[in-house]
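Shown below: model-v3.pdb, with PDB, C-alpha atoms.
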```pdb
ATOM      1  CA  MET Z   6     -65.264-202.743  27.715
ATOM      2  CA  THR Z   7     -62.547-200.101  27.531
ATOM      3  CA  GLU Z   8     -59.814-200.928  25.031
ATOM      4  CA  MET Z   9     -56.189-199.857  25.263
ATOM      5  CA  THR Z  10     -56.343-197.587  22.231
ATOM      6  CA  PRO Z  11     -53.181-195.755  21.112
ATOM      7  CA  GLU Z  12     -54.618-192.542  22.558
ATOM      8  CA  LEU Z  13     -55.337-194.132  25.938
ATOM      9  CA  THR Z  14     -51.916-195.757  26.010
ATOM     10  CA  GLU Z  15     -50.318-192.384  25.316
ATOM     11  CA  ALA Z  16     -52.498-190.678  27.933
ATOM     12  CA  LEU Z  17     -51.377-193.154  30.592
ATOM     13  CA  ASP Z  18     -47.821-192.560  29.481
ATOM     14  CA  TRP Z  19     -48.324-188.831  30.060
ATOM     15  CA  PHE Z  20     -49.659-189.570  33.549
ATOM     16  CA  VAL Z  21     -46.471-191.419  34.399
ATOM     17  CA  LYS Z  22     -44.235-188.707  32.910
ATOM     18  CA  LEU Z  23     -46.006-185.839  34.671
ATOM     19  CA  ARG Z  24     -45.658-187.597  38.033
ATOM     20  CA  ASP Z  25     -41.941-188.014  37.548
ATOM     21  CA  THR Z  26     -39.857-185.816  39.855
ATOM     22  CA  ARG Z  27     -37.966-184.675  36.755
ATOM     23  CA  ALA Z  28     -41.098-183.227  35.092
ATOM     24  CA  ASP Z  29     -40.477-179.588  34.091
ATOM     25  CA  ASP Z  30     -42.343-176.740  32.384
ATOM     26  CA  GLY Z  31     -41.156-177.916  28.984
ATOM     27  CA  LEU Z  32     -42.733-181.326  29.512
ATOM     28  CA  ARG Z  33     -45.984-179.748  30.645
ATOM     29  CA  GLN Z  34     -46.049-177.527  27.555
ATOM     30  CA  ARG Z  35     -45.598-180.569  25.314
ATOM     31  CA  PHE Z  36     -48.422-182.271  27.179
ATOM     32  CA  ASP Z  37     -50.688-179.262  26.616
ATOM     33  CA  GLN Z  38     -49.890-179.384  22.914
ATOM     34  CA  TRP Z  39     -50.676-183.094  22.752
ATOM     35  CA  HIS Z  40     -53.884-182.651  24.775
ATOM     36  CA  GLY Z  41     -55.198-179.918  22.494
ATOM     37  CA  ALA Z  42     -54.071-181.437  19.206
ATOM     38  CA  ASP Z  43     -56.954-183.903  18.879
ATOM     39  CA  PRO Z  44     -60.313-184.326  20.656
ATOM     40  CA  ARG Z  45     -59.501-188.023  20.939
ATOM     41  CA  ASN Z  46     -56.470-187.125  23.045
ATOM     42  CA  ALA Z  47     -58.596-185.038  25.409
ATOM     43  CA  ALA Z  48     -61.126-187.871  25.728
ATOM     44  CA  ALA Z  49     -58.342-190.364  26.363
ATOM     45  CA  TRP Z  50     -56.889-188.102  29.058
ATOM     46  CA  GLN Z  51     -60.246-187.998  30.833
ATOM     47  CA  GLU Z  52     -60.407-191.789  30.625
ATOM     48  CA  ALA Z  53     -56.871-192.078  31.959
ATOM     49  CA  GLU Z  54     -57.729-189.850  34.937
ATOM     50  CA  ALA Z  55     -60.541-192.204  35.890
ATOM     51  CA  LEU Z  56     -58.260-195.210  35.560
ATOM     52  CA  TRP Z  57     -55.435-193.676  37.527
ATOM     53  CA  ASN Z  58     -57.782-193.159  40.460
ATOM     54  CA  CYS Z  59     -58.063-196.948  40.621
ATOM     55  CA  PHE Z  60     -54.454-197.117  41.679
ATOM     56  CA  ASP Z  61     -54.536-194.666  44.597
ATOM     57  CA  PRO Z  62     -54.000-197.416  47.237
ATOM     58  CA  VAL Z  63     -50.650-198.358  45.722
ATOM     59  CA  GLU Z  64     -49.495-195.012  44.333
ATOM     60  CA  ARG Z  65     -47.339-194.321  47.391
ATOM     61  CA  GLU Z  66     -45.496-197.572  46.859
ATOM     62  CA  ILE Z  67     -45.044-196.803  43.174
ATOM     63  CA  SER Z  68     -43.647-193.356  44.035
ATOM     64  CA  THR Z  69     -41.117-194.992  46.307
ATOM     65  CA  LEU Z  70     -40.051-197.357  43.538
ATOM     66  CA  ARG Z  71     -39.751-194.485  41.074
ATOM     67  CA  LYS Z  72     -37.347-192.703  43.424
ATOM     68  CA  ARG Z  73     -35.191-195.816  43.503
ATOM     69  CA  ASP Z  74     -35.261-196.233  39.723
ATOM     70  CA  ALA Z  75     -36.007-193.132  37.689
ATOM     71  CA  THR Z  76     -35.981-195.147  34.447
ATOM     72  CA  LEU Z  77     -39.225-197.025  35.135
ATOM     73  CA  ASN Z  78     -41.452-196.694  32.074
ATOM     74  CA  ARG Z  79     -45.197-196.860  31.567
ATOM     75  CA  ARG Z  80     -45.247-200.606  30.889
ATOM     76  CA  ALA Z  81     -43.301-201.328  34.073
ATOM     77  CA  MET Z  82     -45.534-198.964  36.049
ATOM     78  CA  LEU Z  83     -48.754-200.633  34.887
ATOM     79  CA  GLY Z  84     -47.257-204.051  35.500
ATOM     80  CA  MET Z  85     -46.307-203.127  39.059
ATOM     81  CA  LEU Z  86     -49.677-201.527  39.701
ATOM     82  CA  SER Z  87     -51.398-204.702  38.550
ATOM     83  CA  GLY Z  88     -49.053-206.835  40.621
ATOM     84  CA  ALA Z  89     -49.485-204.623  43.675
ATOM     85  CA  ALA Z  90     -53.244-204.932  43.371
ATOM     86  CA  LEU Z  91     -52.944-208.703  43.265
ATOM     87  CA  ILE Z  92     -50.509-208.913  46.171
ATOM     88  CA  GLY Z  93     -52.142-206.273  48.332
ATOM     89  CA  ALA Z  94     -55.682-207.613  48.206
ATOM     90  CA  GLY Z  95     -55.302-211.127  46.906
ATOM     91  CA  GLY Z  96     -52.043-212.234  48.486
ATOM     92  CA  TRP Z  97     -53.878-213.650  51.497
ATOM     93  CA  TYR Z  98     -55.485-216.185  49.210
ATOM     94  CA  VAL Z  99     -52.248-216.965  47.362
ATOM     95  CA  SER Z 100     -50.128-217.529  50.447
ATOM     96  CA  ARG Z 101     -52.171-218.898  53.309
ATOM     97  CA  PRO Z 102     -54.071-221.741  51.587
ATOM     98  CA  ALA Z 103     -50.893-222.886  49.879
ATOM     99  CA  PHE Z 104     -49.390-223.705  53.256
ATOM    100  CA  TRP Z 105     -52.376-224.630  55.424
ATOM    101  CA  ALA Z 106     -55.114-226.044  53.211
ATOM    102  CA  ASP Z 107     -55.980-229.721  52.961
ATOM    103  CA  VAL Z 108     -58.349-229.115  50.038
ATOM    104  CA  THR Z 109     -58.310-226.338  47.427
ATOM    105  CA  THR Z 110     -60.230-225.558  44.252
ATOM    106  CA  ALA Z 111     -59.291-223.572  41.156
ATOM    107  CA  PRO Z 112     -61.423-220.715  39.775
ATOM    108  CA  GLY Z 113     -64.747-222.122  38.600
ATOM    109  CA  GLN Z 114     -64.061-225.563  40.091
ATOM    110  CA  MET Z 115     -66.317-227.213  42.662
ATOM    111  CA  HIS Z 116     -65.338-230.145  44.825
ATOM    112  CA  ALA Z 117     -67.195-232.281  47.409
ATOM    113  CA  PHE Z 118     -65.985-234.854  49.931
ATOM    114  CA  ASN Z 119     -67.174-236.643  53.062
ATOM    115  CA  MET Z 120     -65.468-236.379  56.424
ATOM    116  CA  ALA Z 121     -64.932-239.488  58.534
ATOM    117  CA  ASP Z 122     -67.937-238.646  60.721
ATOM    118  CA  GLY Z 123     -70.227-238.574  57.666
ATOM    119  CA  SER Z 124     -70.433-234.794  57.378
ATOM    120  CA  ARG Z 125     -70.346-233.615  53.775
ATOM    121  CA  VAL Z 126     -68.311-230.615  52.612
ATOM    122  CA  GLU Z 127     -68.817-228.879  49.262
ATOM    123  CA  LEU Z 128     -66.290-226.255  48.120
ATOM    124  CA  GLY Z 129     -67.015-223.468  45.657
ATOM    125  CA  GLY Z 130     -64.660-221.941  43.116
ATOM    126  CA  ARG Z 131     -61.221-220.731  44.243
ATOM    127  CA  SER Z 132     -61.685-221.887  47.811
ATOM    128  CA  ALA Z 133     -59.438-223.490  50.402
ATOM    129  CA  LEU Z 134     -60.237-225.481  53.513
ATOM    130  CA  ALA Z 135     -58.333-227.264  56.291
ATOM    131  CA  PHE Z 136     -59.820-229.992  58.491
ATOM    132  CA  ASP Z 137     -58.753-232.172  61.400
ATOM    133  CA  GLU Z 138     -60.167-235.613  62.185
ATOM    134  CA  THR Z 139     -57.242-236.972  64.200
ATOM    135  CA  LEU Z 140     -57.410-238.015  67.863
ATOM    136  CA  GLY Z 141     -61.162-237.637  67.938
ATOM    137  CA  GLN Z 142     -61.100-234.083  66.596
ATOM    138  CA  ARG Z 143     -64.015-232.889  64.466
ATOM    139  CA  SER Z 144     -63.102-229.506  63.046
ATOM    140  CA  LEU Z 145     -62.559-227.567  59.846
ATOM    141  CA  GLU Z 146     -61.544-224.047  58.810
ATOM    142  CA  VAL Z 147     -62.504-222.116  55.695
ATOM    143  CA  LEU Z 148     -59.307-220.342  54.631
ATOM    144  CA  SER Z 149     -60.727-218.671  51.538
ATOM    145  CA  GLY Z 150     -63.797-218.776  49.340
ATOM    146  CA  GLU Z 151     -66.926-220.678  50.290
ATOM    147  CA  ALA Z 152     -68.053-224.026  51.663
ATOM    148  CA  PHE Z 153     -71.431-225.663  52.255
ATOM    149  CA  VAL Z 154     -71.314-228.155  55.131
ATOM    150  CA  THR Z 155     -73.953-230.762  55.938
ATOM    151  CA  VAL Z 156     -73.145-231.583  59.552
ATOM    152  CA  GLN Z 157     -73.981-235.107  60.718
ATOM    153  CA  ALA Z 158     -74.815-235.696  64.373
ATOM    154  CA  GLY Z 159     -71.858-236.850  66.447
ATOM    155  CA  SER Z 160     -70.659-237.233  70.000
ATOM    156  CA  ALA Z 161     -69.374-233.651  69.930
ATOM    157  CA  PRO Z 162     -70.225-230.567  67.851
ATOM    158  CA  LEU Z 163     -68.361-229.952  64.615
ATOM    159  CA  ARG Z 164     -66.089-226.940  65.148
ATOM    160  CA  MET Z 165     -65.865-224.674  62.110
ATOM    161  CA  GLN Z 166     -63.521-221.675  61.912
ATOM    162  CA  LEU Z 167     -64.482-218.753  59.694
ATOM    163  CA  GLY Z 168     -62.910-215.302  59.592
ATOM    164  CA  GLY Z 169     -61.541-215.520  63.137
ATOM    165  CA  ALA Z 170     -64.849-216.739  64.584
ATOM    166  CA  GLU Z 171     -65.959-220.209  65.652
ATOM    167  CA  VAL Z 172     -69.134-221.916  64.489
ATOM    168  CA  LEU Z 173     -70.365-224.930  66.486
ATOM    169  CA  SER Z 174     -72.969-227.322  65.153
ATOM    170  CA  GLN Z 175     -74.338-230.677  66.281
ATOM    171  CA  GLN Z 176     -76.449-231.182  63.152
ATOM    172  CA  ALA Z 177     -77.219-228.555  60.512
ATOM    173  CA  GLU Z 178     -76.716-227.319  56.965
ATOM    174  CA  VAL Z 179     -74.501-224.245  56.887
ATOM    175  CA  ASN Z 180     -72.904-222.082  54.227
ATOM    176  CA  LEU Z 181     -69.595-220.485  55.224
ATOM    177  CA  LYS Z 182     -68.156-217.691  53.082
ATOM    178  CA  LEU Z 183     -65.247-215.273  53.224
ATOM    179  CA  ALA Z 184     -66.373-212.259  51.189
ATOM    180  CA  ALA Z 185     -64.255-209.291  50.098
ATOM    181  CA  ASP Z 186     -64.469-207.501  53.438
ATOM    182  CA  ARG Z 187     -66.295-209.799  55.854
ATOM    183  CA  ALA Z 188     -67.245-213.339  56.794
ATOM    184  CA  GLN Z 189     -70.779-214.597  56.193
ATOM    185  CA  LEU Z 190     -72.658-217.469  57.796
ATOM    186  CA  SER Z 191     -75.996-218.764  56.461
ATOM    187  CA  VAL Z 192     -77.993-221.614  58.017
ATOM    188  CA  GLY Z 193     -80.140-223.773  55.756
ATOM    189  CA  SER Z 194     -81.438-226.150  58.420
ATOM    190  CA  GLY Z 195     -80.895-226.778  62.106
ATOM    191  CA  ALA Z 196     -79.083-224.199  64.238
ATOM    192  CA  VAL Z 197     -75.487-223.246  65.063
ATOM    193  CA  GLN Z 198     -73.653-221.341  67.748
ATOM    194  CA  LEU Z 199     -71.519-218.433  66.541
ATOM    195  CA  ARG Z 200     -68.679-217.256  68.799
ATOM    196  CA  LEU Z 201     -66.670-214.198  67.814
ATOM    197  CA  ALA Z 202     -63.081-213.595  68.875
ATOM    198  CA  ASN Z 203     -64.216-211.168  71.615
ATOM    199  CA  ALA Z 204     -66.312-213.979  73.169
ATOM    200  CA  THR Z 205     -69.602-212.561  71.856
ATOM    201  CA  GLY Z 206     -71.899-215.448  70.988
ATOM    202  CA  GLN Z 207     -75.351-216.066  69.577
ATOM    203  CA  THR Z 208     -77.522-218.760  68.067
ATOM    204  CA  VAL Z 209     -78.102-218.593  64.313
ATOM    205  CA  GLU Z 210     -81.134-220.556  63.135
ATOM    206  CA  ALA Z 211     -82.424-221.878  59.810
ATOM    207  CA  GLY Z 212     -83.171-219.109  57.323
ATOM    208  CA  GLN Z 213     -80.845-216.630  59.029
ATOM    209  CA  GLN Z 214     -77.694-215.059  57.626
ATOM    210  CA  VAL Z 215     -75.130-213.094  59.626
ATOM    211  CA  SER Z 216     -72.108-211.119  58.460
ATOM    212  CA  PHE Z 217     -69.247-210.349  60.834
ATOM    213  CA  ASP Z 218     -65.589-209.607  61.282
ATOM    214  CA  GLU Z 219     -63.388-210.989  64.063
ATOM    215  CA  SER Z 220     -64.905-208.877  66.828
ATOM    216  CA  ARG Z 221     -68.400-207.747  65.864
ATOM    217  CA  LEU Z 222     -71.573-208.552  63.999
ATOM    218  CA  LEU Z 223     -72.024-206.371  60.931
ATOM    219  CA  ALA Z 224     -75.457-207.465  59.685
ATOM    220  CA  GLN Z 225     -78.162-210.045  60.270
ATOM    221  CA  ARG Z 226     -81.179-210.845  58.117
ATOM    222  CA  GLN Z 227     -83.663-213.491  57.032
ATOM    223  CA  VAL Z 228     -82.936-215.122  53.676
ATOM    224  CA  ASP Z 229     -84.775-217.535  51.427
ATOM    225  CA  ARG Z 230     -83.513-220.978  52.417
ATOM    226  CA  LYS Z 231     -83.495-222.171  48.800
ATOM    227  CA  ASP Z 232     -80.906-219.476  48.005
ATOM    228  CA  ILE Z 233     -78.498-220.683  50.717
ATOM    229  CA  GLY Z 234     -75.722-222.541  48.933
ATOM    230  CA  ALA Z 235     -77.347-221.858  45.542
ATOM    231  CA  TRP Z 236     -73.869-221.751  44.006
ATOM    232  CA  ARG Z 237     -73.888-225.559  44.204
ATOM    233  CA  GLN Z 238     -76.542-225.493  41.467
ATOM    234  CA  GLY Z 239     -74.579-222.892  39.523
ATOM    235  CA  ARG Z 240     -76.528-219.835  40.743
ATOM    236  CA  LEU Z 241     -74.789-216.797  42.229
ATOM    237  CA  VAL Z 242     -77.480-214.971  44.208
ATOM    238  CA  PHE Z 243     -77.022-211.395  45.467
ATOM    239  CA  GLN Z 244     -79.476-209.286  47.461
ATOM    240  CA  ALA Z 245     -78.500-205.618  47.810
ATOM    241  CA  GLU Z 246     -74.856-206.707  47.962
ATOM    242  CA  PRO Z 247     -72.139-204.022  47.481
ATOM    243  CA  LEU Z 248     -70.573-204.269  44.036
ATOM    244  CA  ARG Z 249     -67.112-204.902  45.526
ATOM    245  CA  ASN Z 250     -68.434-208.132  47.085
ATOM    246  CA  VAL Z 251     -70.234-209.162  43.902
ATOM    247  CA  LEU Z 252     -67.060-208.723  41.853
ATOM    248  CA  HIS Z 253     -65.105-210.707  44.440
ATOM    249  CA  GLU Z 254     -67.534-213.599  44.049
ATOM    250  CA  ILE Z 255     -67.528-213.460  40.247
ATOM    251  CA  SER Z 256     -63.720-213.545  40.245
ATOM    252  CA  ARG Z 257     -63.836-216.878  42.085
ATOM    253  CA  TYR Z 258     -65.506-218.376  39.016
ATOM    254  CA  ARG Z 259     -63.851-216.235  36.347
ATOM    255  CA  GLY Z 260     -60.269-216.196  37.624
ATOM    256  CA  GLY Z 261     -57.947-213.223  38.020
ATOM    257  CA  ARG Z 262     -58.911-210.237  40.133
ATOM    258  CA  ILE Z 263     -61.711-207.729  39.511
ATOM    259  CA  ILE Z 264     -61.383-204.293  41.114
ATOM    260  CA  ALA Z 265     -64.185-201.775  41.627
ATOM    261  CA  ALA Z 266     -62.446-198.407  41.358
ATOM    262  CA  GLY Z 267     -63.586-195.742  43.787
ATOM    263  CA  GLU Z 268     -65.929-195.912  46.758
ATOM    264  CA  GLY Z 269     -68.910-194.838  44.644
ATOM    265  CA  PRO Z 270     -68.930-197.777  42.213
ATOM    266  CA  ALA Z 271     -67.682-200.224  44.863
ATOM    267  CA  SER Z 272     -70.663-199.462  47.113
ATOM    268  CA  ILE Z 273     -73.412-199.752  44.491
ATOM    269  CA  PRO Z 274     -75.953-202.318  45.781
ATOM    270  CA  VAL Z 275     -76.555-205.204  43.407
ATOM    271  CA  THR Z 276     -79.562-207.544  43.447
ATOM    272  CA  ALA Z 277     -79.252-210.228  40.803
ATOM    273  CA  VAL Z 278     -78.894-213.918  39.982
ATOM    274  CA  PHE Z 279     -76.000-214.924  37.719
ATOM    275  CA  ASP Z 280     -74.923-218.182  36.120
ATOM    276  CA  ALA Z 281     -71.683-219.290  37.799
ATOM    277  CA  LYS Z 282     -70.649-221.004  34.565
ATOM    278  CA  GLN Z 283     -70.834-217.718  32.638
ATOM    279  CA  PRO Z 284     -68.915-215.200  34.762
ATOM    280  CA  ASP Z 285     -67.964-213.051  31.749
ATOM    281  CA  SER Z 286     -71.641-212.670  30.911
ATOM    282  CA  ALA Z 287     -72.332-211.664  34.526
ATOM    283  CA  LEU Z 288     -69.616-209.025  34.316
ATOM    284  CA  ASP Z 289     -70.958-207.713  31.006
ATOM    285  CA  THR Z 290     -74.436-207.434  32.545
ATOM    286  CA  ILE Z 291     -73.127-205.485  35.536
ATOM    287  CA  VAL Z 292     -71.105-203.091  33.396
ATOM    288  CA  GLY Z 293     -73.976-202.511  30.955
ATOM    289  CA  THR Z 294     -76.777-202.243  33.518
ATOM    290  CA  LEU Z 295     -74.916-199.898  35.879
ATOM    291  CA  GLY Z 296     -73.410-197.769  33.112
ATOM    292  CA  LEU Z 297     -69.838-198.570  34.154
ATOM    293  CA  LYS Z 298     -66.679-199.236  32.156
ATOM    294  CA  GLN Z 299     -64.284-202.177  32.087
ATOM    295  CA  LEU Z 300     -60.572-202.380  31.374
ATOM    296  CA  ASP Z 301     -58.532-205.592  31.347
ATOM    297  CA  LEU Z 302     -54.938-205.085  32.507
ATOM    298  CA  PRO Z 303     -51.914-207.390  32.678
ATOM    299  CA  ALA Z 304     -51.609-210.073  35.364
ATOM    300  CA  GLY Z 305     -55.314-210.951  35.128
ATOM    301  CA  VAL Z 306     -56.529-207.690  36.679
ATOM    302  CA  THR Z 307     -59.839-206.220  35.507
ATOM    303  CA  VAL Z 308     -60.838-202.682  36.566
ATOM    304  CA  ILE Z 309     -64.512-201.653  36.747
ATOM    305  CA  TYR Z 310     -64.977-197.895  37.013
ATOM    306  CA  ALA Z 311     -67.418-195.055  36.395
TER
END
```

Would you give me this structure, written as structure tokens?
Amino acid sequence: MTEMTPELTEALDWFVKLRDTRADDGLRQRFDQWHGADPRNAAAWQEAEALWNCFDPVEREISTLRKRDATLNRRAMLGMLSGAALIGAGGWYVSRPAFWADVTTAPGQMHAFNMADGSRVELGGRSALAFDETLGQRSLEVLSGEAFVTVQAGSAPLRMQLGGAEVLSQQAEVNLKLAADRAQLSVGSGAVQLRLANATGQTVEAGQQVSFDESRLLAQRQVDRKDIGAWRQGRLVFQAEPLRNVLHEISRYRGGRIIAAGEGPASIPVTAVFDAKQPDSALDTIVGTLGLKQLDLPAGVTVIYA
């Protein structure tokens, strides 16, 4: 894990100063003197460059804020960068479930309940779900996170909403998940009908897993049925899953937000089984095995980078 050493703190401070519109040749000369004064400074500067690349998606917004207030210091900059990361990529979770969910779970918490028709719903960590059983309705929507649904036979199919698509089932076991960049449907038993927003539809049978966005299928494969919903037994199972998605899942049991900096690290395929009750250990294993680095920032943000 990367620590905020005095040298790294000073290097980040130099990054902020040099990007200030008021930066002049005198400032750059002082930076050169600092950089060459100690090998630890040069190493910290290299580390800071890698970290700063993590913040590219929000740098434009930060530049705008700096123009409005030229007095913003390093601490304020890092705080805003952390906050922007949370709002930009995690705000959907913070806002939508708070208004629409009937059931929510905290990071690491699991919760199960039965619907009036006898169907059983199990929610994973940091998840949110809405359901409707009024006036003969039989429907639910996964707003964030993950749910395993054991659908009991009824007079009409259970309608499940996931990532803008509709899943219809008369009787089945299904795992519904909103990952970092896609929705994922896995069928443990029975069969379901998947209907995307563009009216594309297909049958998904036991042992099959499909990933999709609102309008198209992204991937389809056979999976071991015992691994479907394995999180209910405390196992987080990944098969050639991009690191960005793995970190998203770990954060649901660890709390906070974990960012994979750069397309290279974010796309690394990960095949592993982790203990959901030990998310920090899972993160340590990923960082150590893949030769990456970790830095914990304010506001619960953790950056994983090369």

- Item | Between CA of Gly159 (chain Z) and CA of Asp122 (chain Z) - distance in Å to one decimal |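 Computed distance, CA of Asp122 (chain Z) to CA of Gly159 (chain Z), equals 7.2 Å.
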
Edge lengths and centre in Å to one decimal, as AutoDock Vina command-line options, is what I'm after for the box along x, y and z that holds all listed atoms of region 188-204 of chain Z once 6 Å is added on each side.
```
--center_x -72.3 --center_y -219.0 --center_z 64.5 --size_x 30.4 --size_y 27.6 --size_z 29.4
```

- Task: Given the file shown, enumerate the residues that the PyMOL selection byres ((chain Z and resi 160-167) around 10) captures and present them as a PyMOL selection string.
- Result: chain Z and resi 122+124+134-137+141-149+151+154+156-159+168-177+181-183+187-190+197-201+217-219

- Message: Here is a test: counting only C-alpha atoms, which residue of Z:Val308, Z:Val251, Z:Arg257, Z:Asp29 is nearest to Ile291 (chain Z)?
- Response: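 Of Z:Val308, Z:Val251, Z:Arg257, Z:Asp29, the one nearest Ile291 (chain Z) is Z:Val251, counting only C-alpha atoms.
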
- Could you spell out the hits of the PyMOL selection byres ((chain Z and resi 264) around 7) on the shown file, as a ChimeraX atom specification? /Z:262-263,265-266,307-309

- Message: Measuring between only C-alpha atoms, which one of Z:Ala277, Z:Gly234, Z:Asp229, Z:Phe20 shows the shortest distance to Gln51 (chain Z)?
- Response: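 Closest candidate: Z:Phe20.
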